[in-house]
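In what follows, a single structure is set out as structure tokens and then discussed.
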Protein chains: 2
Amino acid sequence: MERVAVISASMTQFGNREGQFILDLLAEAGEACLDDVGVSPDSVDHLYVSNMASGEFEGQTGIPNALAHDLSMLPAYTTRIDQTSSSGGAGVYAAWQSIASGASEMTLLVGGEKMTHRSTADTTDIIASITHPVEYKHGITLPTFAGLTARRYLHEYDAPRESLARVAVKNHANGVDNPHAQFRKEITLEDALEAPVIADPLRLYDFCPISDGSAALLFCPESVAREYTDEYSVVTGVGGATDTHVVHERSDPTTMRGVVESGNIAYEMAGRNPGDIDVAELHDMFSILEFLQSEDLGFFEKGEGWKAVEDGITHRDGDLPINTSGGLKSKGHPLGASGVAQAYEIHKQVTNDAGPRQVDADVGLTCNVGGFGNCVITTIMEGQA
Amino acid sequence: MERVAVISASMTQFGNREGQFILDLLAEAGEACLDDVGVSPDSVDHLYVSNMASGEFEGQTGIPNALAHDLSMLPAYTTRIDQTSSSGGAGVYAAWQSIASGASEMTLLVGGEKMTHRSTADTTDIIASITHPVEYKHGITLPTFAGLTARRYLHEYDAPRESLARVAVKNHANGVDNPHAQFRKEITLEDALEAPVIADPLRLYDFCPISDGSAALLFCPESVAREYTDEYSVVTGVGGATDTHVVHERSDPTTMRGVVESGNIAYEMAGRNPGDIDVAELHDMFSILEFLQSEDLGFFEKGEGWKAVEDGITHRDGDLPINTSGGLKSKGHPLGASGVAQAYEIHKQVTNDAGPRQVDADVGLTCNVGGFGNCVITTIMEGQA
């Protein structure tokens with residue numbers, strides 16, 4: 001089967017994009033992605049749009065067609081991919097399938113969300129609409145799941161509260177060097193430990209912000225990638241998997257089955273194992289999730305992920321840098337964009353184009369989580385330069 | 001490349017499914033589809049859900065995960081495919097890609113929508129959210145586009161108003177023999193011609209109803225299809241294409257470019273031409289659309305589609321039966337379900353399993369239209385028994 005290359009990656013400024021509409025953000029990222037490699041819009045035959053909720057956030061649906069129109073891409077096929085907060089990863093998987101199946105010779109993936117014009121309460125409620133009605137009606141939202149999971153993890157594995165705070169400190173430090181990040185400021189351990197409580201034991205800096213933004217990737221068969229650029233990456237492995245939709249049915253709340261299973265599929269497809277991964281973007285919507293994913297992907301033993309941040313292993317100068325982009329924590333989390341932006345960062349890292357964030361990496365991994373681990377897409381990308 | 005087989009098809013009763021939730025409908029169709037060929041849920045590795053707007057209609061998102069959970073299908077990968085009223089066709093295309101790319105060995109596609117619990121005004125508004133804001137704010141909705149297009153068509157091609165009414169009469173007659181259809185009653189030409197005006201010159205029976213319902217298809221590589229059934233079909237061609245998102249920018253309002261282009265892709269992939277098609281399900285959301293599609297797919301010359309229904313060619317006993325299921329007109333149009341239900345009908349026809357609706361057909365075609373032709377997916381399916 002044809003291997004699938006990523007020949008360009010772009011992202012907009014993440015943050016508060018006041019006065020802009022979802023289509024503006026998507027068009028900005030999509031256009032930049034094509035321009036960077038001089039690909040004309042009419043060369044694109046498939047356009048995937050990763051977006052969770054433009055209907056709920058802005059009362060506008062049908063955005064893939066509108067975007068194809070705005071990017072002068074007609075009559076390219078287009079559709080929307082929604083897998084809640086893992087819509088971006090699901091878009092990567094859809095784009096991979098479009099090329100690998102031979103259906104497409106050039107696929108543009110654009111992920112994005114416009115959220116900050118709505119109140120925090122509205123946004124929390126729109127996101128909570130993904131949870132099972134059984135849990136939702138008891139007042140459960142995703143942040144409360146995170147608090148409960150964090151408490152269990154700290155108890156189960158004798159992890160110090162400070163270890164969670166160190167994830168936030170690390171990812172904020174990384175974000176300083178990311179010009180697209182929503183927050184570009186370092187925080188101290190004290191800042192994180194003394195911030196207002198949101199869902200005990202988690203405090204303000206354990207949570208990603210609400211964000212606007214978009215990111216894009218351009219895919220083609222590897223056999224033609226060098227016609228466009230010598231600096232491409234290849235998606236060597238990609239897998240998706242689900243866990244129970246009712247979170248309280250999980251036998252071990254500190255293990256994310258979707259991460260384990262999607263990781264296994266991606267490792268097998270790529271012929272890689274956890275030790276081969278040089279850099280990873282994990283879905284740190286909540287600080288605790290970085291530990292869970294780093295364990296469930298096999299980077300560290302179960303219950304020992306917290307030690308890695310304490311020991312500096314996951315820092316930018318450590319053996320396995322995690323979230324060099326700043327992660328969702330400081331980069332921001334425009335739902336449909338996040339999985340695409342994770343792949344943006346790994347593409348930049350493995351093609352040696354990450355500027356001040358550059359680490360030594362040939363093989364990178366992204367883990368994009370939907371719901372509270374309800375669906376997960378794991379991707380392995382390798383540089384070819 | 002591996003050819004993609006459909007080994008089972010199911011659909012629920014379409015109509016007013018009061019008291020049921022979108023997940024009930026999806027689970028009903030999904031379960032029946034597996035049961036019909038004795039496939040266990042844990043054999044399914046990919047689950048696609050075609051649905052336009054469960055968030056807007058019911059305040060519930062994340063339904064693919066919930067469905068995977070309810071169908072005992074964990075850890076199968078799942079995602080939602082939204083291409084407005086062509087979400088079902090887009091789901092067929094996604095499922096085809098999942099098998100053709102080698103990503104999946106067994107994909108279940110379930111399309112559905114729950115709409116009737118909302119007022120007609122709410123529903124019209126939710127659907128109108130797919131239009132371009134430029135048009136929407138002038139009060140344009142999809143029915144008004146249909147009225148304008150019908151008037152132009154009648155003028156341009158000297159077609160009689162009665163020809164549109166005959167589409168409704170034909171499709172109502174076909175629906176009588178479809179146990180899943182929302183309406184199972186014949187109407188007369190007079191009924192259609194004298195019904196209340198909705199968007200002049202179109203009247204009540206020129207429009208499909210608002211509906212609840214779900215439909216499902218089960219896909220696998222053709223190489224293993226006979227392990228499950230001898231009565232399978234193969235998706236030999238599938239293509240998707242877009243037209244302008246702003247409808248008033250189209251140079252000829254009586255031609256649907258998305259239909260032309262998606263048809264060309266599907267014909268080329270299947271090695272077929274319009275004359276090879278024995279039966280077709282076209283997207284008759286509005287009666288006028290059946291004419292446009294039958295011309296843009298090459299069945300008839302431009303401006304002559306109306307003669308085919310007058311001459312009986314598209315009737316069930318004609319040379320090219322169109323909408324043997326009753327079409328969206330009498331079967332109903334639960335948005336995300338419709339494209340899947342079109343493929344259900346063609347699968348039944350080409351596997352000689354359509355009961356009283358059976359026509360002589362080896363090769364069938366579906367055309368599923370999103371927006372007002374903004375995006376179209378055309379599929380060719382062939383029986384193998």
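Simple scheme: letters A, B, ... for chains in structure tokens order, numbers from 1 for residues in each chain, numbers from 1 for ligands in the order shown.
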Inset, instruction - Once DSSP has gone over the backbone, tell me which residues of region 40-258 of chain B are in strand (DSSP E or B), as a VMD selection string. - result: chain B and resid 46 to 50 77 to 83 85 107 to 113 197 to 199 202 to 203 207 212 to 221 233 to 242
For chain B versus chain A, which residues have an atom no more than 8 Å away, and what is each residue's nearest atom pair and distance in Å rounded to one decimal, using only C-alpha atoms, chain-then-number order, as a tab-separated table?
```
residue	atom	partner	partner_atom	distance
B:Met1	CA	A:Ser101	CA	7.9
B:Ala53	CA	A:Gly55	CA	7.9
B:Gly55	CA	A:Glu56	CA	6.9
B:Glu56	CA	A:Glu56	CA	6.5
B:Gly59	CA	A:Ser129	CA	6.4
B:Gln60	CA	A:Ser129	CA	5.1
B:Thr61	CA	A:Ile130	CA	4.6
B:Gly62	CA	A:Ile130	CA	4.3
B:Ile63	CA	A:Ile130	CA	7.3
B:Pro64	CA	A:Gln83	CA	7.9
B:Asn65	CA	A:His245	CA	5.9
B:Ala66	CA	A:His245	CA	5.2
B:Ala68	CA	A:Thr242	CA	7.8
B:His69	CA	A:Thr244	CA	5.8
B:Leu74	CA	A:Thr242	CA	5.8
B:Pro75	CA	A:Thr242	CA	4.5
B:Ala76	CA	A:Ala241	CA	5.4
B:Tyr77	CA	A:Ala241	CA	4.3
B:Thr78	CA	A:Thr242	CA	7.2
B:Thr79	CA	A:Gln83	CA	5.2
B:Arg80	CA	A:Asp82	CA	5.1
B:Ile81	CA	A:Ile81	CA	5.3
B:Asp82	CA	A:Arg80	CA	5.1
B:Gln83	CA	A:Thr79	CA	5.2
B:Thr84	CA	A:Gly62	CA	6.2
B:Ala90	CA	A:Thr79	CA	7.1
B:Ala94	CA	A:Ala94	CA	7.7
B:Gln97	CA	A:Ser101	CA	5.6
B:Ser98	CA	A:Gln97	CA	6.2
B:Ala100	CA	A:Ser101	CA	5.0
B:Ser101	CA	A:Ser101	CA	3.9
B:Gly102	CA	A:Ser101	CA	7.6
B:Ala103	CA	A:Gln97	CA	7.4
B:Ser129	CA	A:Gln60	CA	5.1
B:Ile130	CA	A:Gly62	CA	4.3
B:Thr131	CA	A:Gly62	CA	7.0
B:His132	CA	A:Ala66	CA	7.1
B:Gly239	CA	A:Tyr77	CA	7.9
B:Gly240	CA	A:Tyr77	CA	4.9
B:Ala241	CA	A:Tyr77	CA	4.3
B:Thr242	CA	A:Pro75	CA	4.5
B:Asp243	CA	A:Pro75	CA	6.0
B:Thr244	CA	A:His69	CA	5.8
B:His245	CA	A:Ala66	CA	5.2
B:Arg257	CA	A:Pro75	CA	7.9
B:Gly258	CA	A:Pro75	CA	6.8
B:Glu261	CA	A:Pro75	CA	7.2
B:Gly371	CA	A:Gly62	CA	7.6
B:Asn374	CA	A:Asn65	CA	6.3
B:Cys375	CA	A:Asn65	CA	6.8
```
Output file for the residues above (N, CA and C atoms, as a tab-separated table (two decimals), in the first residue's frame):
```tsv
chain	number	residue	atom	x	y	z
B	1	MET	N	-6.31	-3.13	-5.75
B	1	MET	CA	-6.89	-2.80	-4.44
B	1	MET	C	-8.07	-3.72	-4.14
B	53	ALA	N	-27.06	16.64	12.91
B	53	ALA	CA	-27.28	17.67	13.93
B	53	ALA	C	-27.92	17.17	15.22
B	55	GLY	N	-26.70	17.51	18.04
B	55	GLY	CA	-26.48	18.60	19.00
B	55	GLY	C	-27.57	19.65	18.91
B	56	GLU	N	-27.91	20.03	17.69
B	56	GLU	CA	-28.93	21.06	17.51
B	56	GLU	C	-30.33	20.51	17.77
B	59	GLY	N	-29.55	18.34	21.69
B	59	GLY	CA	-28.61	18.73	22.73
B	59	GLY	C	-27.67	17.62	23.15
B	60	GLN	N	-27.52	16.63	22.27
B	60	GLN	CA	-26.64	15.50	22.60
B	60	GLN	C	-25.57	15.37	21.52
B	61	THR	N	-24.32	15.38	21.90
B	61	THR	CA	-23.23	15.14	20.94
B	61	THR	C	-22.50	13.87	21.40
B	62	GLY	N	-21.40	13.56	20.74
B	62	GLY	CA	-20.64	12.35	21.13
B	62	GLY	C	-21.40	11.06	20.89
B	63	ILE	N	-22.36	11.07	19.97
B	63	ILE	CA	-23.19	9.87	19.80
B	63	ILE	C	-22.44	8.67	19.22
B	64	PRO	N	-21.38	8.85	18.43
B	64	PRO	CA	-20.70	7.63	17.95
B	64	PRO	C	-20.14	6.80	19.11
B	65	ASN	N	-19.54	7.47	20.09
B	65	ASN	CA	-19.02	6.72	21.24
B	65	ASN	C	-20.12	6.04	22.02
B	66	ALA	N	-21.21	6.78	22.20
B	66	ALA	CA	-22.33	6.21	22.95
B	66	ALA	C	-22.87	4.98	22.22
B	68	ALA	N	-21.22	2.99	20.05
B	68	ALA	CA	-20.24	1.89	20.14
B	68	ALA	C	-20.42	1.17	21.48
B	69	HIS	N	-20.63	1.96	22.50
B	69	HIS	CA	-20.87	1.44	23.85
B	69	HIS	C	-22.15	0.61	23.88
B	74	LEU	N	-16.93	-1.93	21.77
B	74	LEU	CA	-15.63	-1.43	22.22
B	74	LEU	C	-14.57	-2.48	21.98
B	75	PRO	N	-13.36	-2.10	21.63
B	75	PRO	CA	-12.83	-0.75	21.47
B	75	PRO	C	-12.84	-0.27	20.02
B	76	ALA	N	-13.86	-0.63	19.22
B	76	ALA	CA	-13.90	-0.22	17.81
B	76	ALA	C	-13.72	1.29	17.68
B	77	TYR	N	-12.99	1.68	16.67
B	77	TYR	CA	-12.86	3.10	16.35
B	77	TYR	C	-14.20	3.63	15.87
B	78	THR	N	-14.51	4.85	16.21
B	78	THR	CA	-15.77	5.42	15.75
B	78	THR	C	-15.66	6.92	15.56
B	79	THR	N	-16.40	7.44	14.60
B	79	THR	CA	-16.44	8.89	14.44
B	79	THR	C	-17.75	9.28	13.76
B	80	ARG	N	-18.06	10.57	13.80
B	80	ARG	CA	-19.27	11.07	13.16
B	80	ARG	C	-18.90	11.73	11.84
B	81	ILE	N	-19.72	11.47	10.84
B	81	ILE	CA	-19.55	12.07	9.53
B	81	ILE	C	-20.74	12.99	9.29
B	82	ASP	N	-20.46	14.27	9.09
B	82	ASP	CA	-21.53	15.23	8.82
B	82	ASP	C	-21.28	15.91	7.49
B	83	GLN	N	-22.17	15.66	6.54
B	83	GLN	CA	-22.13	16.41	5.29
B	83	GLN	C	-23.57	16.85	5.00
B	84	THR	N	-24.17	17.47	6.03
B	84	THR	CA	-25.57	17.94	6.02
B	84	THR	C	-26.48	16.82	5.50
B	90	ALA	N	-21.82	10.42	2.51
B	90	ALA	CA	-20.46	10.64	2.97
B	90	ALA	C	-20.02	9.50	3.89
B	94	ALA	N	-16.85	7.09	3.48
B	94	ALA	CA	-15.89	6.88	4.58
B	94	ALA	C	-15.71	5.39	4.85
B	97	GLN	N	-13.65	3.82	2.16
B	97	GLN	CA	-12.22	4.15	2.35
B	97	GLN	C	-11.61	3.31	3.47
B	98	SER	N	-12.37	3.09	4.52
B	98	SER	CA	-11.80	2.35	5.66
B	98	SER	C	-11.44	0.93	5.25
B	100	ALA	N	-11.08	-0.10	1.87
B	100	ALA	CA	-10.16	-0.06	0.72
B	100	ALA	C	-8.74	0.28	1.15
B	101	SER	N	-8.60	1.05	2.22
B	101	SER	CA	-7.25	1.42	2.69
B	101	SER	C	-6.61	0.32	3.52
B	102	GLY	N	-7.38	-0.70	3.85
B	102	GLY	CA	-6.85	-1.76	4.71
B	102	GLY	C	-6.94	-1.44	6.19
B	103	ALA	N	-7.49	-0.28	6.54
B	103	ALA	CA	-7.57	0.10	7.96
B	103	ALA	C	-8.56	-0.78	8.71
B	129	SER	N	-29.29	26.56	8.47
B	129	SER	CA	-27.97	26.98	8.99
B	129	SER	C	-26.83	26.48	8.11
B	130	ILE	N	-27.14	25.60	7.15
B	130	ILE	CA	-26.08	25.14	6.23
B	130	ILE	C	-25.87	26.13	5.10
B	131	THR	N	-26.82	27.04	4.89
B	131	THR	CA	-26.68	27.95	3.75
B	131	THR	C	-25.66	29.04	4.06
B	132	HIS	N	-25.24	29.71	3.02
B	132	HIS	CA	-24.27	30.79	3.21
B	132	HIS	C	-24.95	31.95	3.95
B	239	GLY	N	-17.97	8.54	-5.68
B	239	GLY	CA	-17.30	9.83	-5.87
B	239	GLY	C	-18.08	10.92	-5.16
B	240	GLY	N	-17.34	11.93	-4.70
B	240	GLY	CA	-17.98	13.08	-4.06
B	240	GLY	C	-17.49	14.36	-4.71
B	241	ALA	N	-18.34	15.36	-4.75
B	241	ALA	CA	-17.93	16.64	-5.35
B	241	ALA	C	-18.80	17.77	-4.82
B	242	THR	N	-18.24	18.97	-4.90
B	242	THR	CA	-18.94	20.16	-4.38
B	242	THR	C	-19.33	21.11	-5.51
B	243	ASP	N	-20.30	21.97	-5.19
B	243	ASP	CA	-20.66	23.09	-6.05
B	243	ASP	C	-20.52	24.35	-5.19
B	244	THR	N	-20.78	25.51	-5.75
B	244	THR	CA	-20.64	26.76	-4.98
B	244	THR	C	-21.50	26.70	-3.72
B	245	HIS	N	-20.97	27.26	-2.64
B	245	HIS	CA	-21.75	27.30	-1.41
B	245	HIS	C	-22.82	28.38	-1.51
B	257	ARG	N	-23.61	20.93	-10.52
B	257	ARG	CA	-22.24	20.54	-10.86
B	257	ARG	C	-21.74	19.39	-9.98
B	258	GLY	N	-22.14	19.42	-8.70
B	258	GLY	CA	-21.71	18.35	-7.79
B	258	GLY	C	-22.19	16.99	-8.25
B	261	GLU	N	-20.03	16.02	-11.46
B	261	GLU	CA	-18.64	15.65	-11.13
B	261	GLU	C	-18.58	14.36	-10.31
B	371	GLY	N	-27.04	20.07	1.25
B	371	GLY	CA	-27.36	21.47	1.00
B	371	GLY	C	-28.26	21.53	-0.22
B	374	ASN	N	-24.77	21.57	-2.73
B	374	ASN	CA	-23.44	22.05	-2.32
B	374	ASN	C	-22.42	20.92	-2.29
B	375	CYS	N	-22.88	19.74	-1.91
B	375	CYS	CA	-22.00	18.57	-1.90
B	375	CYS	C	-22.82	17.36	-2.28
```
Legend entry - Residues within 8 Å of Met256 (chain B), only C-alpha atoms, excluding chain neighbours under 6 positions, as a ChimeraX atom specification: /B:243,292-293,296,373
Legend entry - For Asn352 (chain A), the nearest of the candidates A:Gly88, A:Gly364, A:Gly237, A:Gly312, counting only C-alpha atoms: A:Gly364
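Atom pair CA of Leu217 (chain B) / CA of Ala266 (chain B): separated by 19.1 Å.
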